[in-house]
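Engineer: Input: one structure, supplied below.
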Amino acid sequence: MRVVLVIALFGLSVAAPTVRPCKKLTGGTRYEYKYAGLTNIGIPSTSPQTSGVSLTATVWLTMSESKDFAVIEVKDAEITPMSPSPSVHTSKPFPELSKYSVAFKLENERIVEIYPNIKETEQILNMKRGIISAFQIYLTGDDGKRTVEETDILGTCITTVTKFNVSDDEITILKHRDLETCRRCDRFTILRPSEHQEAKFVGGTLNAEYSVNNDGVIQSAFVEQRETVSPLSADAGEVVTLIQQKLILVGEPSAADSLKVCPELVSNLNFSCS
C-alpha cells in the first residue's frame, strides 16, 4: 500500500505575512546546542517495521540582553532517510536549513511570535518551527504540578507541567499533554492516491523532560510525541507516528555584541493549514 504522509515538520502552509522594520538589540548570550530529531511512521498491526527520517544539526541560540528576543541559527544539518533496510540509512548534508536564521519574541518566558526570513520556504520554516518548539518551556511559579495553556508546533494545548529541584543549581521540568486538547488544524493528511481517501486523527500524547539551570537555561531536553490516525481502509491498521527531539547544551555560553531582529514576516509556532 502506497501512502503519502504530510506531518508536523514538513510541507504545510504559512499564515499571511505582516511586514515590520528591522531592529538592532543589545546582545546578551549565545548558546550552542546539539540537536537530533527523529520521525518514524508505521502500521504496528501489519508490521513492526517503520519508515521515516532523522535530522541532526548544531543549533545556535542567541538571546538578547533583555531576554525578550532571540535568534536561532541551524548549522551543519544532516538528514537521513530511514527505512526497514539498514543499507539505505545514508546521511547527506541539508544546507537548506542553514540559509536563514529565525528570530522570535518572548513574553513571560513564552515564545509568542517568530520572524522568518521572507525568502524561507514553507517546508524549511515548518522544520524550524519544530526545532524552536523544543525550546518552549514554562518556568514561572513554585515547584509542583500545574495545568497551563501552551502554544507550540502542535497548536495551543492544555499541558500539565511538573517542576521540581533536583539540586541547588538544577531544575527538572516534565510536560505531559493529551493532543486531543489542542486547538489546531488537522495537520495529518494521509491519502490513498487511487481513492483520495483521507485518514483522520485518532489520538496522541506529548511527553517531555527538561533539565534547566537556575538561570533558566536549558541544559538538555527530550521531547516525544506519539500520534495515531485512522486506518486507510477497512482491512488496514491504524498509522502511528513517533516524533522525538533531543537538545544538549555543549560548551560554555559566550557573549553576543548585538542582535538583529528583522520581522519581515510575523508568524507563530502554530501551523496554518490554509
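Ligands are numbered from 1 in the order shown, residues from 1 within each chain, and chains are lettered A, B, ... in the order they appear in the C-alpha cells.
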Neighbouring residues of Arg183 in chain A were defined as those with any atom within 8 Å, considering only C-alpha atoms; residues of the same chain fewer than 3 positions away were excluded. Please report them as an NGL selection string.

Structural biologist: :A and (155-157)

Engineer: Can you list, as a PyMOL selection string, every residue of range 101-261 of chain A that DSSP puts in strand (DSSP E)?

Structural biologist: chain A and resi 102-107+110-115+144-152+155-167+170-178+189-192+197-198+201-213+218-229+239-255+258-261

Engineer: Please provide the set of residues having any atom within 8 Å of Glu209 in chain A, restricted to only C-alpha atoms, with same-chain residues fewer than 3 positions apart removed, written as a ChimeraX atom specification.

Structural biologist: /A:172-175,221-223

Engineer: Would you mind exporting N, CA, C and O atoms of the selected residues as a PDB file, in the first residue's frame?

Structural biologist:
```pdb
ATOM      1  N   THR A 172      14.299  20.269  37.177  1.00  0.00           N
ATOM      2  CA  THR A 172      13.704  19.364  36.195  1.00  0.00           C
ATOM      3  C   THR A 172      12.275  19.812  35.915  1.00  0.00           C
ATOM      4  O   THR A 172      11.519  20.106  36.844  1.00  0.00           O
ATOM      5  N   ILE A 173      11.929  19.853  34.646  1.00  0.00           N
ATOM      6  CA  ILE A 173      10.571  20.193  34.231  1.00  0.00           C
ATOM      7  C   ILE A 173      10.040  19.062  33.358  1.00  0.00           C
ATOM      8  O   ILE A 173      10.676  18.669  32.369  1.00  0.00           O
ATOM      9  N   LEU A 174       8.889  18.535  33.745  1.00  0.00           N
ATOM     10  CA  LEU A 174       8.220  17.495  32.973  1.00  0.00           C
ATOM     11  C   LEU A 174       6.956  18.073  32.357  1.00  0.00           C
ATOM     12  O   LEU A 174       6.228  18.830  33.006  1.00  0.00           O
ATOM     13  N   LYS A 175       6.688  17.714  31.107  1.00  0.00           N
ATOM     14  CA  LYS A 175       5.463  18.152  30.440  1.00  0.00           C
ATOM     15  C   LYS A 175       4.699  16.931  29.938  1.00  0.00           C
ATOM     16  O   LYS A 175       5.284  15.984  29.412  1.00  0.00           O
ATOM     17  N   ALA A 221      17.150  18.463  26.809  1.00  0.00           N
ATOM     18  CA  ALA A 221      15.713  18.288  26.614  1.00  0.00           C
ATOM     19  C   ALA A 221      15.460  17.028  25.805  1.00  0.00           C
ATOM     20  O   ALA A 221      16.236  16.691  24.900  1.00  0.00           O
ATOM     21  N   PHE A 222      14.381  16.337  26.149  1.00  0.00           N
ATOM     22  CA  PHE A 222      13.909  15.202  25.363  1.00  0.00           C
ATOM     23  C   PHE A 222      12.406  15.336  25.226  1.00  0.00           C
ATOM     24  O   PHE A 222      11.685  15.411  26.227  1.00  0.00           O
ATOM     25  N   VAL A 223      11.936  15.410  23.996  1.00  0.00           N
ATOM     26  CA  VAL A 223      10.511  15.595  23.703  1.00  0.00           C
ATOM     27  C   VAL A 223      10.053  14.442  22.819  1.00  0.00           C
ATOM     28  O   VAL A 223      10.672  14.163  21.789  1.00  0.00           O
TER      29      VAL A 223
END
```

Engineer: Out of range 100-230 of chain A, which residues get helix (DSSP H, G or I) from DSSP, as a PyMOL selection string?

Structural biologist: chain A and resi 122-133+179-181

Engineer: With distances taken over only C-alpha atoms, which of A:Ile114, A:Ile131, A:Ile124, A:Cys22 is nearest to Tyr100 in chain A?

Structural biologist: A:Ile124

Engineer: If you count only C-alpha atoms, which residues fall within 7 Å of Pro253 in chain A, apart from same-chain ones fewer than 6 positions away, as a ChimeraX atom specification?

Structural biologist: /A:29-31

Engineer: Those same residues - C-alpha atoms - I'd like them written as a CSV table (one decimal), in the first residue's frame.

Structural biologist:
```csv
chain,number,residue,atom,x,y,z
A,29,THR,CA,24.3,35.5,25.5
A,30,ARG,CA,24.9,32.9,22.8
A,31,TYR,CA,24.4,29.2,23.4
```

Engineer: By how many Å are CA of Lys163 in chain A and CA of Ile137 in chain A apart?

Structural biologist: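 Distance between the two atoms: 10.6 Å.
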